[in-house]
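Take a look at the structure below.
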Amino acid sequence: MAKMIHSMIRVLDEARSVAFYETAFGLKIADRMDFDEFTLVYMSNPEAGFELELTINKDRTEPYDLGDGYGHLAVSVADLAAEHARFADAGLAPRKIVELAPGGTTVAKFFFVADPDGYQIEVLERSGRFA
């Protein structure tokens, strides 16, 4: 069976992106590989074996066009309201908390936040199928 190990996104500014993912999600640099034309930064935390790979192309000066195919990354947290407040206090500009409750049954509670390059990240409360 295949095991998901990482997702890669291209970022313009390594320091700004590393700081965002560290502040927002407690991710730390697990590995960094520097090549002539690009740098790969792998970020993770002890809660999951899944990593986020940041690719920094050294000759890139313009922001990336995210196009219309990218959706979002998702993380789960134990206390959604507390995380939302922490994000706001850190100046990360989280959007409002949304509750999906078709037919009156809560399926998910979440908010979205954008990283410095515009990638959307869904922050879900650990409950239901996201427990």
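By order in the structure tokens, chains are A, B, ...; within a chain, residues start at 1; ligands start at 1, following the order shown.
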Just the residues within 9 Å of region 42-45 of chain A, please, counting only C-alpha atoms, with nothing from its chain fewer than 3 positions along; format it as an mmCIF file with N, CA, C and O atoms, in the first residue's frame.
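part-v1.cif, written as the output of this step:
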data_model
loop_
_atom_site.group_PDB
_atom_site.id
_atom_site.type_symbol
_atom_site.label_atom_id
_atom_site.label_comp_id
_atom_site.auth_asym_id
_atom_site.auth_seq_id
_atom_site.Cartn_x
_atom_site.Cartn_y
_atom_site.Cartn_z
ATOM 1 N N HIS A 6 4.768 13.478 1.405
ATOM 2 C CA HIS A 6 4.892 14.937 1.396
ATOM 3 C C HIS A 6 4.098 15.552 0.245
ATOM 4 O O HIS A 6 3.700 14.865 -0.687
ATOM 5 N N MET A 8 4.488 19.161 -2.213
ATOM 6 C CA MET A 8 5.430 20.210 -2.559
ATOM 7 C C MET A 8 4.688 21.447 -3.067
ATOM 8 O O MET A 8 3.736 21.342 -3.834
ATOM 9 N N VAL A 18 9.080 29.798 5.654
ATOM 10 C CA VAL A 18 9.455 28.994 6.820
ATOM 11 C C VAL A 18 8.861 29.611 8.081
ATOM 12 O O VAL A 18 8.292 28.917 8.923
ATOM 13 N N TYR A 21 4.958 28.890 8.250
ATOM 14 C CA TYR A 21 4.591 27.511 8.593
ATOM 15 C C TYR A 21 5.028 27.139 10.011
ATOM 16 O O TYR A 21 4.380 26.334 10.669
ATOM 17 N N GLU A 22 6.090 27.762 10.489
ATOM 18 C CA GLU A 22 6.508 27.541 11.872
ATOM 19 C C GLU A 22 5.516 28.193 12.833
ATOM 20 O O GLU A 22 5.063 27.563 13.786
ATOM 21 N N PHE A 25 1.698 26.466 12.132
ATOM 22 C CA PHE A 25 1.464 25.037 12.344
ATOM 23 C C PHE A 25 2.539 24.316 13.144
ATOM 24 O O PHE A 25 2.502 23.097 13.268
ATOM 25 N N GLY A 26 3.506 25.065 13.659
ATOM 26 C CA GLY A 26 4.552 24.438 14.459
ATOM 27 C C GLY A 26 5.481 23.548 13.656
ATOM 28 O O GLY A 26 6.155 22.684 14.213
ATOM 29 N N LEU A 27 5.527 23.745 12.340
ATOM 30 C CA LEU A 27 6.421 22.949 11.509
ATOM 31 C C LEU A 27 7.848 23.470 11.660
ATOM 32 O O LEU A 27 8.079 24.673 11.724
ATOM 33 N N LYS A 28 8.786 22.556 11.713
ATOM 34 C CA LYS A 28 10.210 22.885 11.808
ATOM 35 C C LYS A 28 10.913 22.283 10.598
ATOM 36 O O LYS A 28 10.443 21.312 10.002
ATOM 37 N N ILE A 29 12.049 22.842 10.267
ATOM 38 C CA ILE A 29 12.818 22.305 9.149
ATOM 39 C C ILE A 29 13.369 20.940 9.547
ATOM 40 O O ILE A 29 14.114 20.816 10.519
ATOM 41 N N ALA A 30 12.980 19.919 8.794
ATOM 42 C CA ALA A 30 13.463 18.558 9.014
ATOM 43 C C ALA A 30 14.695 18.285 8.154
ATOM 44 O O ALA A 30 15.553 17.503 8.540
ATOM 45 N N ASP A 31 14.763 18.946 7.000
ATOM 46 C CA ASP A 31 15.896 18.766 6.101
ATOM 47 C C ASP A 31 15.921 19.932 5.127
ATOM 48 O O ASP A 31 14.878 20.534 4.829
ATOM 49 N N ARG A 32 17.104 20.257 4.649
ATOM 50 C CA ARG A 32 17.269 21.333 3.676
ATOM 51 C C ARG A 32 18.336 20.896 2.700
ATOM 52 O O ARG A 32 19.428 20.505 3.118
ATOM 53 N N MET A 33 18.012 20.934 1.416
ATOM 54 C CA MET A 33 18.947 20.529 0.366
ATOM 55 C C MET A 33 19.136 21.697 -0.590
ATOM 56 O O MET A 33 18.178 22.146 -1.218
ATOM 57 N N ALA A 48 2.829 14.114 12.901
ATOM 58 C CA ALA A 48 2.537 13.347 11.685
ATOM 59 C C ALA A 48 3.823 13.056 10.924
ATOM 60 O O ALA A 48 4.796 13.806 11.005
ATOM 61 N N GLY A 49 3.817 11.992 10.177
ATOM 62 C CA GLY A 49 4.955 11.650 9.337
ATOM 63 C C GLY A 49 4.943 12.377 8.007
ATOM 64 O O GLY A 49 5.875 12.267 7.230
ATOM 65 N N PHE A 50 3.899 13.117 7.744
ATOM 66 C CA PHE A 50 3.742 13.829 6.475
ATOM 67 C C PHE A 50 4.557 15.118 6.517
ATOM 68 O O PHE A 50 4.588 15.811 7.531
ATOM 69 N N GLU A 51 5.233 15.435 5.419
ATOM 70 C CA GLU A 51 6.045 16.648 5.351
ATOM 71 C C GLU A 51 5.532 17.598 4.271
ATOM 72 O O GLU A 51 4.915 17.177 3.302
ATOM 73 N N LEU A 52 5.844 18.875 4.462
ATOM 74 C CA LEU A 52 5.607 19.890 3.450
ATOM 75 C C LEU A 52 6.961 20.227 2.844
ATOM 76 O O LEU A 52 7.897 20.578 3.558
ATOM 77 N N GLU A 53 7.059 20.076 1.525
ATOM 78 C CA GLU A 53 8.293 20.410 0.820
ATOM 79 C C GLU A 53 8.132 21.783 0.192
ATOM 80 O O GLU A 53 7.243 21.996 -0.643
ATOM 81 N N LEU A 54 8.984 22.709 0.586
ATOM 82 C CA LEU A 54 9.021 24.034 -0.027
ATOM 83 C C LEU A 54 10.129 24.018 -1.064
ATOM 84 O O LEU A 54 11.274 23.674 -0.758
ATOM 85 N N THR A 55 9.797 24.376 -2.298
ATOM 86 C CA THR A 55 10.802 24.475 -3.354
ATOM 87 C C THR A 55 11.022 25.947 -3.656
ATOM 88 O O THR A 55 10.071 26.678 -3.940
#
Region 55-123 of chain A: which residues are helix (DSSP H, G or I) by DSSP, as a short mmCIF file (atom, residue, chain, number, x, y, z; two decimals) with all heavy atoms, in the first residue's frame?
data_model
loop_
_atom_site.label_atom_id
_atom_site.label_comp_id
_atom_site.auth_asym_id
_atom_site.auth_seq_id
_atom_site.Cartn_x
_atom_site.Cartn_y
_atom_site.Cartn_z
N LEU A 80 -10.23 24.43 17.66
CA LEU A 80 -10.32 25.33 16.51
C LEU A 80 -10.41 26.79 16.92
O LEU A 80 -9.72 27.64 16.36
CB LEU A 80 -11.52 24.94 15.64
CG LEU A 80 -11.60 25.66 14.29
CD1 LEU A 80 -10.50 25.17 13.36
CD2 LEU A 80 -12.96 25.46 13.65
N ALA A 81 -11.24 27.10 17.91
CA ALA A 81 -11.41 28.49 18.34
C ALA A 81 -10.10 29.06 18.89
O ALA A 81 -9.74 30.21 18.59
CB ALA A 81 -12.52 28.59 19.38
N ALA A 82 -9.39 28.26 19.67
CA ALA A 82 -8.12 28.73 20.23
C ALA A 82 -7.09 28.96 19.12
O ALA A 82 -6.35 29.95 19.15
CB ALA A 82 -7.58 27.72 21.25
N GLU A 83 -7.05 28.06 18.15
CA GLU A 83 -6.11 28.23 17.03
C GLU A 83 -6.47 29.45 16.20
O GLU A 83 -5.59 30.20 15.77
CB GLU A 83 -6.06 26.98 16.16
CG GLU A 83 -5.28 25.85 16.78
CD GLU A 83 -3.83 26.21 17.03
OE1 GLU A 83 -3.03 26.26 16.08
OE2 GLU A 83 -3.48 26.43 18.21
N HIS A 84 -7.75 29.66 15.97
CA HIS A 84 -8.20 30.83 15.22
C HIS A 84 -7.74 32.10 15.93
O HIS A 84 -7.20 33.02 15.29
CB HIS A 84 -9.72 30.80 15.05
CG HIS A 84 -10.23 31.84 14.11
ND1 HIS A 84 -10.55 33.11 14.53
CD2 HIS A 84 -10.45 31.79 12.77
CE1 HIS A 84 -10.96 33.80 13.49
NE2 HIS A 84 -10.91 33.03 12.40
N ALA A 85 -7.91 32.15 17.24
CA ALA A 85 -7.49 33.32 18.02
C ALA A 85 -5.97 33.48 17.96
O ALA A 85 -5.46 34.60 17.82
CB ALA A 85 -7.96 33.18 19.46
N ARG A 86 -5.24 32.39 18.06
CA ARG A 86 -3.77 32.44 18.01
C ARG A 86 -3.29 32.95 16.65
O ARG A 86 -2.40 33.79 16.57
CB ARG A 86 -3.19 31.06 18.30
CG ARG A 86 -1.67 31.05 18.44
CD ARG A 86 -1.14 29.67 18.73
NE ARG A 86 -1.30 28.75 17.61
CZ ARG A 86 -0.52 28.74 16.52
NH1 ARG A 86 0.45 29.61 16.39
NH2 ARG A 86 -0.73 27.85 15.57
N PHE A 87 -3.92 32.48 15.58
CA PHE A 87 -3.58 32.95 14.24
C PHE A 87 -3.82 34.46 14.13
O PHE A 87 -3.00 35.19 13.61
CB PHE A 87 -4.41 32.22 13.17
CG PHE A 87 -3.88 30.90 12.74
CD1 PHE A 87 -3.54 29.91 13.65
CD2 PHE A 87 -3.73 30.62 11.39
CE1 PHE A 87 -3.06 28.68 13.23
CE2 PHE A 87 -3.26 29.39 10.96
CZ PHE A 87 -2.91 28.42 11.89
N ALA A 88 -4.97 34.89 14.61
CA ALA A 88 -5.32 36.32 14.55
C ALA A 88 -4.30 37.14 15.35
O ALA A 88 -3.81 38.17 14.88
CB ALA A 88 -6.73 36.55 15.07
N ASP A 89 -3.97 36.68 16.56
CA ASP A 89 -3.00 37.38 17.41
C ASP A 89 -1.63 37.45 16.75
O ASP A 89 -0.88 38.40 16.97
CB ASP A 89 -2.88 36.71 18.78
CG ASP A 89 -4.12 36.91 19.64
OD1 ASP A 89 -4.96 37.79 19.32
OD2 ASP A 89 -4.25 36.18 20.64
N PRO A 102 -25.10 20.13 7.13
CA PRO A 102 -26.26 19.80 6.32
C PRO A 102 -27.27 18.98 7.12
O PRO A 102 -26.89 18.06 7.83
CB PRO A 102 -25.67 18.99 5.15
CG PRO A 102 -24.38 18.46 5.68
CD PRO A 102 -23.89 19.43 6.70
N GLY A 103 -28.52 19.38 7.07
CA GLY A 103 -29.56 18.68 7.81
C GLY A 103 -29.43 18.83 9.32
O GLY A 103 -30.00 18.05 10.07
N GLY A 104 -28.66 19.82 9.77
CA GLY A 104 -28.51 20.07 11.20
C GLY A 104 -27.43 19.26 11.89
O GLY A 104 -27.16 19.46 13.07
#
* Find, counting only C-alpha atoms, the residue in A:Lys109, A:Ile56, A:Ala114, A:Lys3 that gets nearest to Leu73 (chain A). => A:Ala114
* Shell around Phe111 (chain A) at 10 Å using only C-alpha atoms, local window under 5 positions removed, as a ChimeraX atom specification -> /A:80-81,83-84,94-99,121-125
* To do: Provide the CA of Arg60 (chain A) to CA of His72 (chain A) distance in Å, to one decimal place.
  =>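 Interatomic distance, CA of Arg60 (chain A) to CA of His72 (chain A): 22.6 Å.
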* To do: Rank A:Asp34, A:Asp13, A:Asp117, A:Glu47 by their smallest atom-to-atom distance to Leu66 (chain A), using only C-alpha atoms, and report the top residue only.
  => A:Asp117
* Point-to-point distance from CA of Thr105 (chain A) to CA of Ser76 (chain A), Å rounded to tenths ->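 Calculated distance between CA of Thr105 (chain A) and CA of Ser76 (chain A) is 19.3 Å.
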Polymer residues at most 10 Å from Asp115 (chain A), only C-alpha atoms, same-chain spacing of 4 or more positions, as a PDB file with all heavy atoms, in the first residue's frame:
ATOM      1  N   VAL A  11       7.662  28.308  -3.488  1.00  0.00           N
ATOM      2  CA  VAL A  11       7.545  29.557  -2.741  1.00  0.00           C
ATOM      3  C   VAL A  11       8.608  30.537  -3.216  1.00  0.00           C
ATOM      4  O   VAL A  11       9.677  30.142  -3.689  1.00  0.00           O
ATOM      5  CB  VAL A  11       7.630  29.326  -1.216  1.00  0.00           C
ATOM      6  CG1 VAL A  11       6.516  28.384  -0.753  1.00  0.00           C
ATOM      7  CG2 VAL A  11       8.986  28.806  -0.795  1.00  0.00           C
ATOM      8  N   ARG A  16      10.439  33.857   4.669  1.00  0.00           N
ATOM      9  CA  ARG A  16       9.051  34.256   4.949  1.00  0.00           C
ATOM     10  C   ARG A  16       8.145  33.035   5.036  1.00  0.00           C
ATOM     11  O   ARG A  16       7.303  32.934   5.936  1.00  0.00           O
ATOM     12  CB  ARG A  16       8.583  35.222   3.856  1.00  0.00           C
ATOM     13  CG  ARG A  16       7.218  35.818   4.072  1.00  0.00           C
ATOM     14  CD  ARG A  16       6.880  36.804   2.998  1.00  0.00           C
ATOM     15  NE  ARG A  16       6.706  36.101   1.724  1.00  0.00           N
ATOM     16  CZ  ARG A  16       6.108  36.608   0.667  1.00  0.00           C
ATOM     17  NH1 ARG A  16       5.645  37.839   0.707  1.00  0.00           N
ATOM     18  NH2 ARG A  16       5.968  35.915  -0.431  1.00  0.00           N
ATOM     19  N   SER A  17       8.327  32.074   4.140  1.00  0.00           N
ATOM     20  CA  SER A  17       7.496  30.874   4.146  1.00  0.00           C
ATOM     21  C   SER A  17       7.802  29.985   5.341  1.00  0.00           C
ATOM     22  O   SER A  17       6.887  29.468   5.983  1.00  0.00           O
ATOM     23  CB  SER A  17       7.680  30.096   2.843  1.00  0.00           C
ATOM     24  OG  SER A  17       7.153  30.848   1.764  1.00  0.00           O
ATOM     25  N   PHE A  20       6.185  31.512   8.365  1.00  0.00           N
ATOM     26  CA  PHE A  20       4.735  31.325   8.371  1.00  0.00           C
ATOM     27  C   PHE A  20       4.376  29.918   8.850  1.00  0.00           C
ATOM     28  O   PHE A  20       3.560  29.749   9.751  1.00  0.00           O
ATOM     29  CB  PHE A  20       4.145  31.560   6.970  1.00  0.00           C
ATOM     30  CG  PHE A  20       2.695  31.186   6.882  1.00  0.00           C
ATOM     31  CD1 PHE A  20       1.711  32.085   7.271  1.00  0.00           C
ATOM     32  CD2 PHE A  20       2.300  29.929   6.446  1.00  0.00           C
ATOM     33  CE1 PHE A  20       0.369  31.741   7.215  1.00  0.00           C
ATOM     34  CE2 PHE A  20       0.963  29.575   6.384  1.00  0.00           C
ATOM     35  CZ  PHE A  20      -0.002  30.482   6.773  1.00  0.00           C
ATOM     36  N   TYR A  21       4.958  28.890   8.250  1.00  0.00           N
ATOM     37  CA  TYR A  21       4.591  27.511   8.593  1.00  0.00           C
ATOM     38  C   TYR A  21       5.028  27.139  10.011  1.00  0.00           C
ATOM     39  O   TYR A  21       4.380  26.334  10.669  1.00  0.00           O
ATOM     40  CB  TYR A  21       5.121  26.532   7.543  1.00  0.00           C
ATOM     41  CG  TYR A  21       4.282  26.595   6.294  1.00  0.00           C
ATOM     42  CD1 TYR A  21       4.694  27.310   5.175  1.00  0.00           C
ATOM     43  CD2 TYR A  21       3.027  25.995   6.252  1.00  0.00           C
ATOM     44  CE1 TYR A  21       3.893  27.411   4.051  1.00  0.00           C
ATOM     45  CE2 TYR A  21       2.220  26.085   5.131  1.00  0.00           C
ATOM     46  CZ  TYR A  21       2.657  26.799   4.033  1.00  0.00           C
ATOM     47  OH  TYR A  21       1.847  26.900   2.923  1.00  0.00           O
ATOM     48  N   ALA A  24       2.342  29.273  12.175  1.00  0.00           N
ATOM     49  CA  ALA A  24       0.969  28.789  12.003  1.00  0.00           C
ATOM     50  C   ALA A  24       0.780  27.360  12.483  1.00  0.00           C
ATOM     51  O   ALA A  24      -0.203  27.055  13.171  1.00  0.00           O
ATOM     52  CB  ALA A  24       0.553  28.900  10.534  1.00  0.00           C
ATOM     53  N   LEU A  92      -1.780  36.481  11.241  1.00  0.00           N
ATOM     54  CA  LEU A  92      -1.845  35.588  10.083  1.00  0.00           C
ATOM     55  C   LEU A  92      -3.147  35.707   9.295  1.00  0.00           C
ATOM     56  O   LEU A  92      -3.315  35.035   8.283  1.00  0.00           O
ATOM     57  CB  LEU A  92      -1.634  34.135  10.523  1.00  0.00           C
ATOM     58  CG  LEU A  92      -0.292  33.860  11.212  1.00  0.00           C
ATOM     59  CD1 LEU A  92      -0.215  32.400  11.658  1.00  0.00           C
ATOM     60  CD2 LEU A  92       0.880  34.221  10.319  1.00  0.00           C
ATOM     61  N   ALA A  93      -4.056  36.549   9.733  1.00  0.00           N
ATOM     62  CA  ALA A  93      -5.298  36.862   9.014  1.00  0.00           C
ATOM     63  C   ALA A  93      -6.147  35.632   8.665  1.00  0.00           C
ATOM     64  O   ALA A  93      -6.489  35.413   7.504  1.00  0.00           O
ATOM     65  CB  ALA A  93      -5.002  37.679   7.761  1.00  0.00           C
ATOM     66  N   TYR A 119      -1.111  30.314  -1.103  1.00  0.00           N
ATOM     67  CA  TYR A 119      -1.655  28.956  -0.974  1.00  0.00           C
ATOM     68  C   TYR A 119      -2.660  28.931   0.166  1.00  0.00           C
ATOM     69  O   TYR A 119      -2.414  29.475   1.246  1.00  0.00           O
ATOM     70  CB  TYR A 119      -0.534  27.939  -0.699  1.00  0.00           C
ATOM     71  CG  TYR A 119       0.403  27.747  -1.859  1.00  0.00           C
ATOM     72  CD1 TYR A 119       1.654  28.334  -1.852  1.00  0.00           C
ATOM     73  CD2 TYR A 119       0.025  26.982  -2.960  1.00  0.00           C
ATOM     74  CE1 TYR A 119       2.526  28.165  -2.919  1.00  0.00           C
ATOM     75  CE2 TYR A 119       0.886  26.809  -4.025  1.00  0.00           C
ATOM     76  CZ  TYR A 119       2.134  27.406  -3.999  1.00  0.00           C
ATOM     77  OH  TYR A 119       2.989  27.234  -5.057  1.00  0.00           O
ATOM     78  N   GLN A 120      -3.784  28.296  -0.071  1.00  0.00           N
ATOM     79  CA  GLN A 120      -4.844  28.209   0.934  1.00  0.00           C
ATOM     80  C   GLN A 120      -4.643  26.975   1.802  1.00  0.00           C
ATOM     81  O   GLN A 120      -4.330  25.899   1.292  1.00  0.00           O
ATOM     82  CB  GLN A 120      -6.214  28.143   0.252  1.00  0.00           C
ATOM     83  CG  GLN A 120      -6.537  29.361  -0.589  1.00  0.00           C
ATOM     84  CD  GLN A 120      -6.612  30.627   0.243  1.00  0.00           C
ATOM     85  OE1 GLN A 120      -7.268  30.661   1.281  1.00  0.00           O
ATOM     86  NE2 GLN A 120      -5.932  31.664  -0.212  1.00  0.00           N
ATOM     87  N   ILE A 121      -4.817  27.149   3.107  1.00  0.00           N
ATOM     88  CA  ILE A 121      -4.712  26.039   4.046  1.00  0.00           C
ATOM     89  C   ILE A 121      -5.990  26.006   4.866  1.00  0.00           C
ATOM     90  O   ILE A 121      -6.405  27.017   5.428  1.00  0.00           O
ATOM     91  CB  ILE A 121      -3.492  26.176   4.974  1.00  0.00           C
ATOM     92  CG1 ILE A 121      -2.203  26.236   4.146  1.00  0.00           C
ATOM     93  CG2 ILE A 121      -3.415  24.992   5.940  1.00  0.00           C
ATOM     94  CD1 ILE A 121      -1.480  27.506   4.294  1.00  0.00           C
TER      95      ILE A 121
END
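Distance-wise, CA of Asp59 (chain A) and CA of Ser7 (chain A) end up 22.0 Å apart.
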In region 75-124 of chain A, what's strand (DSSP E or B) per DSSP? Answer as a PDB file with N, CA, C and O atoms, in the first residue's frame?
ATOM      1  N   VAL A  75      -5.010  20.783   7.579  1.00  0.00           N
ATOM      2  CA  VAL A  75      -4.457  20.304   8.845  1.00  0.00           C
ATOM      3  C   VAL A  75      -5.600  20.232   9.839  1.00  0.00           C
ATOM      4  O   VAL A  75      -6.611  20.923   9.691  1.00  0.00           O
ATOM      5  N   SER A  76      -5.440  19.391  10.875  1.00  0.00           N
ATOM      6  CA  SER A  76      -6.467  19.327  11.911  1.00  0.00           C
ATOM      7  C   SER A  76      -5.875  19.790  13.239  1.00  0.00           C
ATOM      8  O   SER A  76      -4.686  19.606  13.499  1.00  0.00           O
ATOM      9  N   VAL A  77      -6.719  20.391  14.058  1.00  0.00           N
ATOM     10  CA  VAL A  77      -6.315  20.891  15.374  1.00  0.00           C
ATOM     11  C   VAL A  77      -7.355  20.478  16.404  1.00  0.00           C
ATOM     12  O   VAL A  77      -8.525  20.262  16.076  1.00  0.00           O
ATOM     13  N   VAL A  98     -16.149  28.478   9.910  1.00  0.00           N
ATOM     14  CA  VAL A  98     -17.340  28.012   9.199  1.00  0.00           C
ATOM     15  C   VAL A  98     -17.729  26.650   9.756  1.00  0.00           C
ATOM     16  O   VAL A  98     -16.867  25.816  10.055  1.00  0.00           O
ATOM     17  N   GLU A  99     -19.019  26.425   9.885  1.00  0.00           N
ATOM     18  CA  GLU A  99     -19.522  25.127  10.315  1.00  0.00           C
ATOM     19  C   GLU A  99     -20.393  24.555   9.207  1.00  0.00           C
ATOM     20  O   GLU A  99     -21.360  25.182   8.795  1.00  0.00           O
ATOM     21  N   LEU A 100     -20.019  23.378   8.711  1.00  0.00           N
ATOM     22  CA  LEU A 100     -20.844  22.688   7.718  1.00  0.00           C
ATOM     23  C   LEU A 100     -21.777  21.755   8.475  1.00  0.00           C
ATOM     24  O   LEU A 100     -21.327  20.849   9.167  1.00  0.00           O
ATOM     25  N   ALA A 108     -18.303  19.328   9.691  1.00  0.00           N
ATOM     26  CA  ALA A 108     -16.959  19.894   9.829  1.00  0.00           C
ATOM     27  C   ALA A 108     -17.045  21.333  10.318  1.00  0.00           C
ATOM     28  O   ALA A 108     -17.983  22.053   9.986  1.00  0.00           O
ATOM     29  N   LYS A 109     -16.049  21.716  11.121  1.00  0.00           N
ATOM     30  CA  LYS A 109     -15.840  23.113  11.513  1.00  0.00           C
ATOM     31  C   LYS A 109     -14.419  23.466  11.096  1.00  0.00           C
ATOM     32  O   LYS A 109     -13.482  22.701  11.358  1.00  0.00           O
ATOM     33  N   PHE A 110     -14.251  24.627  10.451  1.00  0.00           N
ATOM     34  CA  PHE A 110     -12.943  24.963   9.896  1.00  0.00           C
ATOM     35  C   PHE A 110     -12.827  26.449   9.615  1.00  0.00           C
ATOM     36  O   PHE A 110     -13.808  27.187   9.625  1.00  0.00           O
ATOM     37  N   PHE A 111     -11.594  26.866   9.356  1.00  0.00           N
ATOM     38  CA  PHE A 111     -11.325  28.179   8.782  1.00  0.00           C
ATOM     39  C   PHE A 111     -10.186  28.018   7.788  1.00  0.00           C
ATOM     40  O   PHE A 111      -9.478  27.015   7.788  1.00  0.00           O
ATOM     41  N   PHE A 112     -10.049  28.993   6.922  1.00  0.00           N
ATOM     42  CA  PHE A 112      -8.960  29.002   5.954  1.00  0.00           C
ATOM     43  C   PHE A 112      -8.001  30.134   6.279  1.00  0.00           C
ATOM     44  O   PHE A 112      -8.391  31.158   6.848  1.00  0.00           O
ATOM     45  N   VAL A 113      -6.739  29.935   5.904  1.00  0.00           N
ATOM     46  CA  VAL A 113      -5.713  30.962   6.006  1.00  0.00           C
ATOM     47  C   VAL A 113      -4.837  30.826   4.761  1.00  0.00           C
ATOM     48  O   VAL A 113      -4.684  29.722   4.227  1.00  0.00           O
ATOM     49  N   ALA A 114      -4.309  31.939   4.288  1.00  0.00           N
ATOM     50  CA  ALA A 114      -3.424  31.921   3.120  1.00  0.00           C
ATOM     51  C   ALA A 114      -1.985  32.096   3.582  1.00  0.00           C
ATOM     52  O   ALA A 114      -1.705  32.905   4.472  1.00  0.00           O
ATOM     53  N   GLN A 120      -3.784  28.296  -0.071  1.00  0.00           N
ATOM     54  CA  GLN A 120      -4.844  28.209   0.934  1.00  0.00           C
ATOM     55  C   GLN A 120      -4.643  26.975   1.802  1.00  0.00           C
ATOM     56  O   GLN A 120      -4.330  25.899   1.292  1.00  0.00           O
ATOM     57  N   ILE A 121      -4.817  27.149   3.107  1.00  0.00           N
ATOM     58  CA  ILE A 121      -4.712  26.039   4.046  1.00  0.00           C
ATOM     59  C   ILE A 121      -5.990  26.006   4.866  1.00  0.00           C
ATOM     60  O   ILE A 121      -6.405  27.017   5.428  1.00  0.00           O
ATOM     61  N   GLU A 122      -6.624  24.847   4.883  1.00  0.00           N
ATOM     62  CA  GLU A 122      -7.833  24.638   5.672  1.00  0.00           C
ATOM     63  C   GLU A 122      -7.422  24.098   7.038  1.00  0.00           C
ATOM     64  O   GLU A 122      -6.683  23.121   7.128  1.00  0.00           O
ATOM     65  N   VAL A 123      -7.904  24.748   8.088  1.00  0.00           N
ATOM     66  CA  VAL A 123      -7.631  24.311   9.455  1.00  0.00           C
ATOM     67  C   VAL A 123      -8.940  23.758  10.003  1.00  0.00           C
ATOM     68  O   VAL A 123      -9.903  24.496  10.200  1.00  0.00           O
ATOM     69  N   LEU A 124      -8.969  22.438  10.214  1.00  0.00           N
ATOM     70  CA  LEU A 124     -10.187  21.735  10.627  1.00  0.00           C
ATOM     71  C   LEU A 124     -10.116  21.333  12.097  1.00  0.00           C
ATOM     72  O   LEU A 124      -9.051  20.953  12.589  1.00  0.00           O
TER      73      LEU A 124
END
* Asked: So which one's closest to Ala90 (chain A), A:Glu14, A:Gly69, A:Ala19, A:Val107? Using only C-alpha atoms, please.
  ->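 Of all the options, A:Ala19 lies closest to Ala90 (chain A).
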* Between A:Gly91, A:Gly71, A:Pro46, A:Pro63, which one has atoms that come closest to Thr23 (chain A), using only C-alpha atoms? ->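 The answer is A:Gly91, which sits nearest to Thr23 (chain A).
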* Can you work out which one of A:Ile9, A:Arg126, A:Asp65, A:Pro116 has the shortest atom-to-atom distance to Leu40 (chain A), counting only C-alpha atoms? =>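 Of A:Ile9, A:Arg126, A:Asp65, A:Pro116, the one nearest Leu40 (chain A), counting only C-alpha atoms, is A:Ile9.
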